[in-house]
Every structure is written in structure tokens, then in C-alpha cells.
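Have a look at coords-v7.txt below; it lists compact mmCIF, N, CA and C atoms.
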# COMPACT_ATOMS: atom_id res chain seq x y z
N MET A 1 26.51 -1.83 27.96
CA MET A 1 27.71 -1.10 28.33
C MET A 1 28.37 -0.56 27.07
N LYS A 2 28.80 0.66 27.16
CA LYS A 2 29.49 1.30 26.05
C LYS A 2 30.92 0.79 25.97
N LYS A 3 31.38 0.49 24.76
CA LYS A 3 32.78 0.11 24.58
C LYS A 3 33.45 1.14 23.69
N VAL A 4 34.71 1.44 24.04
CA VAL A 4 35.45 2.49 23.35
C VAL A 4 36.75 1.89 22.81
N ALA A 5 36.99 2.08 21.53
CA ALA A 5 38.23 1.60 20.92
C ALA A 5 39.38 2.51 21.32
N ILE A 6 40.52 1.91 21.62
CA ILE A 6 41.73 2.63 21.97
C ILE A 6 42.72 2.47 20.82
N HIS A 7 43.36 3.57 20.43
CA HIS A 7 44.35 3.51 19.35
C HIS A 7 45.49 4.47 19.65
N THR A 8 46.69 4.02 19.31
CA THR A 8 47.86 4.89 19.37
C THR A 8 48.80 4.55 18.22
N ASP A 9 49.44 5.58 17.68
CA ASP A 9 50.45 5.37 16.65
C ASP A 9 51.78 4.89 17.26
N GLN A 10 51.86 4.86 18.59
CA GLN A 10 53.08 4.44 19.28
C GLN A 10 53.16 2.92 19.42
N ALA A 11 52.15 2.21 18.93
CA ALA A 11 52.13 0.75 18.90
C ALA A 11 51.77 0.33 17.47
N PRO A 12 52.07 -0.90 17.12
CA PRO A 12 51.74 -1.34 15.75
C PRO A 12 50.25 -1.24 15.46
N LYS A 13 49.94 -0.83 14.24
CA LYS A 13 48.53 -0.78 13.85
C LYS A 13 48.01 -2.22 13.77
N ALA A 14 46.73 -2.37 13.94
CA ALA A 14 46.11 -3.69 13.87
C ALA A 14 46.35 -4.29 12.49
N ILE A 15 46.70 -5.58 12.47
CA ILE A 15 46.93 -6.26 11.19
C ILE A 15 45.78 -7.21 10.88
N GLY A 16 44.61 -6.82 11.33
CA GLY A 16 43.41 -7.63 11.12
C GLY A 16 42.20 -6.86 11.57
N THR A 17 41.11 -7.57 11.76
CA THR A 17 39.85 -6.94 12.15
C THR A 17 39.71 -6.92 13.67
N TYR A 18 40.52 -6.09 14.29
CA TYR A 18 40.48 -5.93 15.75
C TYR A 18 41.01 -4.55 16.12
N SER A 19 40.77 -4.16 17.35
CA SER A 19 41.28 -2.89 17.88
C SER A 19 42.52 -3.17 18.72
N GLN A 20 43.38 -2.17 18.86
CA GLN A 20 44.54 -2.33 19.74
C GLN A 20 44.07 -2.62 21.16
N ALA A 21 42.98 -2.00 21.57
CA ALA A 21 42.38 -2.25 22.88
C ALA A 21 40.94 -1.76 22.85
N ILE A 22 40.17 -2.29 23.79
CA ILE A 22 38.79 -1.85 23.99
C ILE A 22 38.61 -1.55 25.47
N ARG A 23 38.05 -0.36 25.74
CA ARG A 23 37.72 -0.02 27.12
C ARG A 23 36.23 -0.25 27.32
N ALA A 24 35.90 -0.99 28.39
CA ALA A 24 34.51 -1.22 28.78
C ALA A 24 34.44 -0.90 30.27
N GLY A 25 33.82 0.23 30.60
CA GLY A 25 33.82 0.68 31.99
C GLY A 25 35.24 1.03 32.41
N ASN A 26 35.68 0.50 33.54
CA ASN A 26 37.05 0.75 34.02
C ASN A 26 38.02 -0.36 33.67
N THR A 27 37.61 -1.23 32.75
CA THR A 27 38.46 -2.34 32.32
C THR A 27 38.88 -2.11 30.87
N VAL A 28 40.15 -2.37 30.60
CA VAL A 28 40.68 -2.25 29.25
C VAL A 28 41.24 -3.60 28.83
N TYR A 29 40.79 -4.08 27.68
CA TYR A 29 41.24 -5.34 27.13
C TYR A 29 42.22 -5.03 26.00
N LEU A 30 43.49 -5.34 26.22
CA LEU A 30 44.54 -5.04 25.25
C LEU A 30 44.78 -6.25 24.36
N SER A 31 44.64 -6.05 23.06
CA SER A 31 44.90 -7.14 22.12
C SER A 31 46.35 -7.58 22.20
N ALA A 32 46.58 -8.83 21.83
CA ALA A 32 47.94 -9.35 21.84
C ALA A 32 48.83 -8.48 20.97
N GLN A 33 49.95 -8.11 21.55
CA GLN A 33 50.93 -7.31 20.82
C GLN A 33 52.03 -8.21 20.30
N ALA A 34 52.36 -8.02 19.06
CA ALA A 34 53.49 -8.70 18.44
C ALA A 34 54.72 -7.81 18.60
N PRO A 35 55.90 -8.35 18.41
CA PRO A 35 57.11 -7.55 18.54
C PRO A 35 57.41 -6.73 17.28
N LEU A 36 56.42 -5.98 16.83
CA LEU A 36 56.60 -5.15 15.64
C LEU A 36 56.97 -3.73 16.05
N VAL A 37 57.93 -3.16 15.35
CA VAL A 37 58.31 -1.76 15.56
C VAL A 37 57.21 -0.92 14.90
N PRO A 38 56.54 -0.05 15.65
CA PRO A 38 55.38 0.66 15.11
C PRO A 38 55.67 1.48 13.85
N GLN A 39 56.81 2.12 13.79
CA GLN A 39 57.12 3.01 12.66
C GLN A 39 57.33 2.24 11.36
N THR A 40 57.82 1.01 11.44
CA THR A 40 58.15 0.25 10.23
C THR A 40 57.28 -0.98 10.03
N MET A 41 56.57 -1.40 11.10
CA MET A 41 55.77 -2.63 11.10
C MET A 41 56.62 -3.85 10.76
N THR A 42 57.89 -3.80 11.13
CA THR A 42 58.78 -4.95 10.96
C THR A 42 59.10 -5.52 12.33
N VAL A 43 59.50 -6.79 12.36
CA VAL A 43 59.82 -7.46 13.61
C VAL A 43 61.09 -6.86 14.20
N ALA A 44 61.06 -6.61 15.51
CA ALA A 44 62.24 -6.08 16.22
C ALA A 44 63.42 -7.03 15.99
N GLU A 45 64.55 -6.45 15.67
CA GLU A 45 65.75 -7.25 15.42
C GLU A 45 66.54 -7.48 16.70
N GLY A 46 67.27 -8.58 16.76
CA GLY A 46 68.12 -8.84 17.91
C GLY A 46 67.74 -10.09 18.69
N GLY A 47 66.83 -10.89 18.15
CA GLY A 47 66.49 -12.14 18.80
C GLY A 47 65.33 -12.02 19.78
N ILE A 48 65.12 -13.10 20.51
CA ILE A 48 63.96 -13.20 21.39
C ILE A 48 63.94 -12.14 22.47
N GLU A 49 65.09 -11.79 23.04
CA GLU A 49 65.08 -10.76 24.09
C GLU A 49 64.55 -9.44 23.56
N MET A 50 64.99 -9.04 22.38
CA MET A 50 64.50 -7.78 21.81
C MET A 50 63.03 -7.88 21.41
N GLU A 51 62.60 -9.07 20.97
CA GLU A 51 61.19 -9.25 20.65
C GLU A 51 60.33 -9.06 21.91
N ILE A 52 60.75 -9.66 23.02
CA ILE A 52 59.99 -9.53 24.27
C ILE A 52 59.96 -8.06 24.71
N ARG A 53 61.11 -7.40 24.66
CA ARG A 53 61.15 -5.99 25.06
C ARG A 53 60.23 -5.13 24.19
N GLN A 54 60.20 -5.41 22.88
CA GLN A 54 59.33 -4.65 21.97
C GLN A 54 57.86 -4.90 22.29
N VAL A 55 57.51 -6.13 22.60
CA VAL A 55 56.13 -6.44 22.97
C VAL A 55 55.70 -5.62 24.18
N PHE A 56 56.56 -5.56 25.21
CA PHE A 56 56.19 -4.78 26.40
C PHE A 56 56.20 -3.28 26.12
N ASP A 57 57.06 -2.82 25.22
CA ASP A 57 57.00 -1.41 24.80
C ASP A 57 55.65 -1.13 24.14
N ASN A 58 55.22 -2.04 23.28
CA ASN A 58 53.94 -1.86 22.57
C ASN A 58 52.77 -1.90 23.55
N LEU A 59 52.78 -2.86 24.48
CA LEU A 59 51.72 -2.91 25.49
C LEU A 59 51.69 -1.63 26.31
N SER A 60 52.87 -1.13 26.67
CA SER A 60 52.97 0.09 27.45
C SER A 60 52.34 1.26 26.70
N ALA A 61 52.61 1.36 25.41
CA ALA A 61 52.06 2.45 24.60
C ALA A 61 50.54 2.38 24.54
N VAL A 62 50.00 1.19 24.35
CA VAL A 62 48.54 1.05 24.29
C VAL A 62 47.93 1.34 25.66
N ALA A 63 48.55 0.83 26.72
CA ALA A 63 48.05 1.09 28.08
C ALA A 63 48.03 2.59 28.36
N SER A 64 49.09 3.28 27.97
CA SER A 64 49.17 4.72 28.18
C SER A 64 48.08 5.45 27.41
N SER A 65 47.84 5.03 26.19
CA SER A 65 46.81 5.66 25.37
C SER A 65 45.42 5.47 25.99
N ALA A 66 45.26 4.40 26.77
CA ALA A 66 43.98 4.12 27.43
C ALA A 66 43.89 4.79 28.80
N GLY A 67 44.95 5.48 29.22
CA GLY A 67 44.92 6.17 30.51
C GLY A 67 45.55 5.40 31.64
N GLY A 68 46.33 4.38 31.34
CA GLY A 68 46.96 3.56 32.37
C GLY A 68 48.43 3.37 32.11
N ASP A 69 48.97 2.31 32.68
CA ASP A 69 50.36 1.93 32.46
C ASP A 69 50.50 0.45 32.77
N LEU A 70 51.70 -0.08 32.57
CA LEU A 70 51.89 -1.52 32.76
C LEU A 70 51.51 -1.98 34.17
N ASN A 71 51.70 -1.14 35.16
CA ASN A 71 51.42 -1.56 36.53
C ASN A 71 49.93 -1.56 36.86
N ARG A 72 49.08 -1.16 35.93
CA ARG A 72 47.64 -1.28 36.11
C ARG A 72 47.12 -2.58 35.47
N ILE A 73 48.02 -3.31 34.80
CA ILE A 73 47.63 -4.57 34.19
C ILE A 73 47.41 -5.61 35.28
N VAL A 74 46.27 -6.28 35.22
CA VAL A 74 45.93 -7.28 36.23
C VAL A 74 46.07 -8.71 35.71
N LYS A 75 46.13 -8.89 34.39
CA LYS A 75 46.23 -10.23 33.81
C LYS A 75 46.96 -10.17 32.49
N LEU A 76 47.93 -11.05 32.32
CA LEU A 76 48.67 -11.20 31.06
C LEU A 76 48.49 -12.62 30.54
N THR A 77 48.44 -12.75 29.24
CA THR A 77 48.56 -14.05 28.59
C THR A 77 49.72 -13.93 27.62
N VAL A 78 50.72 -14.78 27.84
CA VAL A 78 51.95 -14.77 27.04
C VAL A 78 51.92 -15.98 26.11
N TYR A 79 52.20 -15.75 24.85
CA TYR A 79 52.29 -16.82 23.86
C TYR A 79 53.74 -16.91 23.41
N LEU A 80 54.34 -18.09 23.55
CA LEU A 80 55.74 -18.32 23.16
C LEU A 80 55.82 -19.50 22.20
N THR A 81 56.62 -19.36 21.16
CA THR A 81 56.83 -20.49 20.26
C THR A 81 57.86 -21.46 20.82
N ASP A 82 58.60 -21.05 21.85
CA ASP A 82 59.56 -21.92 22.51
C ASP A 82 59.50 -21.66 24.01
N LEU A 83 58.94 -22.61 24.76
CA LEU A 83 58.79 -22.41 26.20
C LEU A 83 60.12 -22.35 26.94
N ALA A 84 61.21 -22.66 26.28
CA ALA A 84 62.54 -22.49 26.89
C ALA A 84 62.82 -21.02 27.15
N ASN A 85 62.07 -20.12 26.52
CA ASN A 85 62.25 -18.68 26.74
C ASN A 85 61.44 -18.15 27.93
N PHE A 86 60.76 -19.03 28.64
CA PHE A 86 59.97 -18.66 29.81
C PHE A 86 60.79 -17.89 30.85
N PRO A 87 62.03 -18.32 31.20
CA PRO A 87 62.81 -17.55 32.19
C PRO A 87 63.11 -16.11 31.72
N LEU A 88 63.26 -15.91 30.43
CA LEU A 88 63.53 -14.57 29.91
C LEU A 88 62.30 -13.67 30.08
N ILE A 89 61.11 -14.23 29.92
CA ILE A 89 59.89 -13.47 30.19
C ILE A 89 59.91 -12.99 31.64
N ASN A 90 60.22 -13.89 32.57
CA ASN A 90 60.27 -13.51 34.00
C ASN A 90 61.29 -12.41 34.24
N GLN A 91 62.46 -12.54 33.65
CA GLN A 91 63.53 -11.55 33.85
C GLN A 91 63.10 -10.17 33.37
N ILE A 92 62.52 -10.11 32.19
CA ILE A 92 62.11 -8.82 31.63
C ILE A 92 60.91 -8.26 32.38
N MET A 93 60.00 -9.13 32.81
CA MET A 93 58.85 -8.64 33.61
C MET A 93 59.32 -8.03 34.92
N GLU A 94 60.35 -8.59 35.53
CA GLU A 94 60.88 -8.01 36.77
C GLU A 94 61.39 -6.59 36.55
N GLN A 95 61.86 -6.30 35.35
CA GLN A 95 62.38 -4.98 35.02
C GLN A 95 61.26 -4.00 34.67
N ARG A 96 60.14 -4.50 34.17
CA ARG A 96 59.08 -3.64 33.65
C ARG A 96 57.90 -3.45 34.58
N PHE A 97 57.71 -4.36 35.53
CA PHE A 97 56.56 -4.32 36.45
C PHE A 97 57.06 -4.22 37.88
N VAL A 98 56.18 -3.75 38.77
CA VAL A 98 56.47 -3.77 40.20
C VAL A 98 55.47 -4.72 40.86
N ALA A 99 55.89 -5.32 41.95
CA ALA A 99 55.02 -6.23 42.69
C ALA A 99 53.87 -5.45 43.32
N PRO A 100 52.70 -6.02 43.43
CA PRO A 100 52.39 -7.38 43.03
C PRO A 100 52.26 -7.47 41.50
N TYR A 101 52.85 -8.51 40.95
CA TYR A 101 52.83 -8.72 39.50
C TYR A 101 51.44 -9.16 39.05
N PRO A 102 51.13 -8.94 37.78
CA PRO A 102 49.81 -9.37 37.29
C PRO A 102 49.68 -10.90 37.31
N ALA A 103 48.45 -11.36 37.37
CA ALA A 103 48.20 -12.78 37.12
C ALA A 103 48.65 -13.06 35.70
N ARG A 104 49.03 -14.32 35.43
CA ARG A 104 49.60 -14.58 34.11
C ARG A 104 49.40 -16.02 33.71
N ALA A 105 49.22 -16.23 32.42
CA ALA A 105 49.23 -17.56 31.82
C ALA A 105 50.28 -17.52 30.72
N VAL A 106 51.00 -18.62 30.55
CA VAL A 106 51.96 -18.74 29.46
C VAL A 106 51.55 -19.95 28.62
N VAL A 107 51.42 -19.72 27.33
CA VAL A 107 50.93 -20.74 26.42
C VAL A 107 51.98 -21.00 25.35
N GLY A 108 52.28 -22.26 25.12
CA GLY A 108 53.16 -22.63 24.02
C GLY A 108 52.36 -22.59 22.73
N ALA A 109 52.88 -21.89 21.74
CA ALA A 109 52.20 -21.75 20.45
C ALA A 109 53.07 -22.36 19.35
N ALA A 110 52.46 -23.12 18.47
CA ALA A 110 53.20 -23.72 17.36
C ALA A 110 53.77 -22.65 16.43
N ALA A 111 53.01 -21.58 16.25
CA ALA A 111 53.45 -20.49 15.38
C ALA A 111 52.67 -19.24 15.75
N LEU A 112 53.25 -18.09 15.43
CA LEU A 112 52.61 -16.79 15.66
C LEU A 112 52.68 -15.99 14.36
N PRO A 113 51.81 -14.98 14.20
CA PRO A 113 51.83 -14.17 12.98
C PRO A 113 53.21 -13.57 12.71
N ARG A 114 53.52 -13.48 11.45
CA ARG A 114 54.77 -12.89 10.96
C ARG A 114 56.01 -13.63 11.48
N SER A 115 55.85 -14.90 11.83
CA SER A 115 56.96 -15.74 12.30
C SER A 115 57.66 -15.18 13.52
N THR A 116 56.91 -14.47 14.36
CA THR A 116 57.49 -13.94 15.59
C THR A 116 57.56 -15.05 16.63
N GLN A 117 58.27 -14.79 17.72
CA GLN A 117 58.48 -15.80 18.76
C GLN A 117 57.64 -15.56 20.00
N VAL A 118 57.00 -14.38 20.11
CA VAL A 118 56.26 -14.02 21.31
C VAL A 118 55.14 -13.05 20.98
N ALA A 119 54.06 -13.16 21.73
CA ALA A 119 52.97 -12.18 21.70
C ALA A 119 52.38 -12.16 23.11
N VAL A 120 51.87 -11.00 23.52
CA VAL A 120 51.31 -10.87 24.87
C VAL A 120 50.04 -10.03 24.80
N GLU A 121 48.97 -10.55 25.43
CA GLU A 121 47.74 -9.78 25.57
C GLU A 121 47.53 -9.48 27.04
N ALA A 122 46.67 -8.50 27.33
CA ALA A 122 46.54 -8.07 28.72
C ALA A 122 45.14 -7.56 29.03
N ILE A 123 44.83 -7.56 30.31
CA ILE A 123 43.64 -6.91 30.84
C ILE A 123 44.12 -5.90 31.87
N MET A 124 43.63 -4.67 31.74
CA MET A 124 44.07 -3.59 32.62
C MET A 124 42.87 -3.00 33.34
N ALA A 125 43.06 -2.70 34.62
CA ALA A 125 42.02 -2.05 35.42
C ALA A 125 42.42 -0.60 35.63
N LEU A 126 41.49 0.31 35.35
CA LEU A 126 41.76 1.73 35.59
C LEU A 126 41.23 2.13 36.97
N ALA A 127 41.07 3.39 37.22
CA ALA A 127 40.66 3.90 38.55
C ALA A 127 39.48 3.13 39.10
N ASP A 128 39.52 2.90 40.39
CA ASP A 128 38.45 2.16 41.08
C ASP A 128 37.16 2.95 41.06

Turn the structure described in the file into C-alpha cells.
Amino acid sequence: MKKVAIHTDQAPKAIGTYSQAIRAGNTVYLSAQAPLVPQTMTVAEGGIEMEIRQVFDNLSAVASSAGGDLNRIVKLTVYLTDLANFPLINQIMEQRFVAPYPARAVVGAAALPRSTQVAVEAIMALAD
């Protein structure tokens, strides 16, 4: 199967040996997005809520570049350094997604790159 790298300047550039996303057939695997502002590559300011919002902005940009949007995401994996922020993830997801919501796993992480508090990866399905 052919795999195609997805890239957009509207999301943070990769900070390692990975692609922002890979399309294989009608499935797109979106790498975990950190709450980095794409233009400056600095962490979004304003605390955990702004970090979560930036992560979903970044995922949205990558999804769009791949020909989809957040509502085509079928699976999310959320990494949080403090699971007490779990309700805030739910609140922001209600604002950004429509039901039926994607399947999801939430994982407590001891630490994340660049001392961020959240990262989210996704799997997106394109046209049937």
C-alpha cells in the first residue's frame, strides 16, 4: 500500500523523525500534536485550557491538509500530565466535535515534550 506524507504550515513542524500525518488508503494517521503555535513553535500561553485548544487547532489544520476535518476523526488518544484536566478535555471536545464523538483513550503521562501538559493523536477516515 502506498503511503503519503501530509504536511501543512498551519500546524507545528515535526520536531523529530516523523510526519505530521500519513495517509494510507482512506485512513489518515495524525501524529500527536503538542500545543505549539505553528508560527513561533512556542507553547500556547494561558494555561491548560489554551494548550488543549491549540492542540485541537493543530489537529484540525493537519486533518484539513489531508482532505478531512475533526468530524472525520474516528479515534483519539489524549495524553495528559494531570488527569484532573480530563473534564476540560470533554468540555472542549463538545465544542469542537459533533456526535457521534470519536472513540478515545486518555493516558496519564509523567511528562511530555517541551514541558507541555497535553498532546493528542488521531486516526481519521476519509470518503468511504

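The nearest approach to A:Gly25 among the residues A:Ala66, A:Met1, A:Val78, A:Ile89, with all atoms listed in the file taken into account, belongs to A:Met1.
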
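Taking atom N of A:Leu76 as the reference point, atom C of A:Arg104 is found at 5.4 Å.
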
Secondary structure check, strand (DSSP E) residues of chain A, as a ChimeraX atom specification: /A:3-6,21-24,27-33,36-37,42-43,73-80,103-108,118-125

Residue contacts of stretch 29-37 of chain A (6.5 Å, only N, CA and C atoms) excluding same-chain residues fewer than 6 positions away, as number ranges by chain: A: 11-12, 19-23, 43-44, 51-52, 54-55, 58-59, 116, 118-124

With N, CA and C atoms retained, write the just-selected residues as a compact mmCIF listing (two decimals), in the coordinates of the input.
# COMPACT_ATOMS: atom_id res chain seq x y z
N ALA A 11 52.15 2.21 18.93
CA ALA A 11 52.13 0.75 18.90
C ALA A 11 51.77 0.33 17.47
N PRO A 12 52.07 -0.90 17.12
CA PRO A 12 51.74 -1.34 15.75
C PRO A 12 50.25 -1.24 15.46
N SER A 19 40.77 -4.16 17.35
CA SER A 19 41.28 -2.89 17.88
C SER A 19 42.52 -3.17 18.72
N GLN A 20 43.38 -2.17 18.86
CA GLN A 20 44.54 -2.33 19.74
C GLN A 20 44.07 -2.62 21.16
N ALA A 21 42.98 -2.00 21.57
CA ALA A 21 42.38 -2.25 22.88
C ALA A 21 40.94 -1.76 22.85
N ILE A 22 40.17 -2.29 23.79
CA ILE A 22 38.79 -1.85 23.99
C ILE A 22 38.61 -1.55 25.47
N ARG A 23 38.05 -0.36 25.74
CA ARG A 23 37.72 -0.02 27.12
C ARG A 23 36.23 -0.25 27.32
N VAL A 43 59.50 -6.79 12.36
CA VAL A 43 59.82 -7.46 13.61
C VAL A 43 61.09 -6.86 14.20
N ALA A 44 61.06 -6.61 15.51
CA ALA A 44 62.24 -6.08 16.22
C ALA A 44 63.42 -7.03 15.99
N GLU A 51 62.60 -9.07 20.97
CA GLU A 51 61.19 -9.25 20.65
C GLU A 51 60.33 -9.06 21.91
N ILE A 52 60.75 -9.66 23.02
CA ILE A 52 59.99 -9.53 24.27
C ILE A 52 59.96 -8.06 24.71
N GLN A 54 60.20 -5.41 22.88
CA GLN A 54 59.33 -4.65 21.97
C GLN A 54 57.86 -4.90 22.29
N VAL A 55 57.51 -6.13 22.60
CA VAL A 55 56.13 -6.44 22.97
C VAL A 55 55.70 -5.62 24.18
N ASN A 58 55.22 -2.04 23.28
CA ASN A 58 53.94 -1.86 22.57
C ASN A 58 52.77 -1.90 23.55
N LEU A 59 52.78 -2.86 24.48
CA LEU A 59 51.72 -2.91 25.49
C LEU A 59 51.69 -1.63 26.31
N THR A 116 56.91 -14.47 14.36
CA THR A 116 57.49 -13.94 15.59
C THR A 116 57.56 -15.05 16.63
N VAL A 118 57.00 -14.38 20.11
CA VAL A 118 56.26 -14.02 21.31
C VAL A 118 55.14 -13.05 20.98
N ALA A 119 54.06 -13.16 21.73
CA ALA A 119 52.97 -12.18 21.70
C ALA A 119 52.38 -12.16 23.11
N VAL A 120 51.87 -11.00 23.52
CA VAL A 120 51.31 -10.87 24.87
C VAL A 120 50.04 -10.03 24.80
N GLU A 121 48.97 -10.55 25.43
CA GLU A 121 47.74 -9.78 25.57
C GLU A 121 47.53 -9.48 27.04
N ALA A 122 46.67 -8.50 27.33
CA ALA A 122 46.54 -8.07 28.72
C ALA A 122 45.14 -7.56 29.03
N ILE A 123 44.83 -7.56 30.31
CA ILE A 123 43.64 -6.91 30.84
C ILE A 123 44.12 -5.90 31.87
N MET A 124 43.63 -4.67 31.74
CA MET A 124 44.07 -3.59 32.62
C MET A 124 42.87 -3.00 33.34

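Those residues in chain A carrying a DSSP assignment of alpha helix (DSSP H), computed from the backbone, are Ile48, Glu49, Met50, Glu51, Ile52, Arg53, Gln54, Val55, Phe56, Asp57, Asn58, Leu59, Ser60, Ala61, Val62, Ala63, Ser64, Ser65, Phe86, Pro87, Leu88, Ile89, Asn90, Gln91, Ile92, Met93, Glu94, Gln95 and Arg96 of chain A.
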
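Picture a line from atom C of A:Val62 to atom CA of A:Phe97; it runs 14.9 Å.
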
All residues 12 Å or closer to A:Tyr101, only C-alpha atoms, same chain fewer than 6 positions away omitted, as a ChimeraX atom specification: /A:70-76,90,93-95

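When only C-alpha atoms are used to measure the gap to A:Val98, the shortest distance among A:Ala14, A:Met50, A:Asp9, A:Asp69 belongs to A:Asp69.
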
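From atom C of A:Arg53 back to atom N of A:Pro102, the distance works out to 16.8 Å.
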
Top pick for closest residue to A:Leu83, considering A:Pro113, A:Gly47, A:Gly68, A:Gly108 and counting only C-alpha atoms: A:Gly108

Proximity to A:Lys2 - best of A:Gln91, A:Asn26, A:Tyr18, A:Thr40, only C-alpha atoms: A:Asn26

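Restricting the calculation to all atoms listed in the file, the smallest distance between A:Tyr79 and any of A:Ile6, A:Ala109, A:Ala61, A:Ile92 is found for A:Ala109.
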
Using all atoms of stretch 107-116 of chain A that appear in the file, construct an axis-aligned enclosing box with 6 Å of padding on every side and provide its centre coordinates and edge lengths in Å, rounded to one decimal, as AutoDock Vina command-line options.
--center_x 54.3 --center_y -18.3 --center_z 19.1 --size_x 18.7 --size_y 22.8 --size_z 28.4
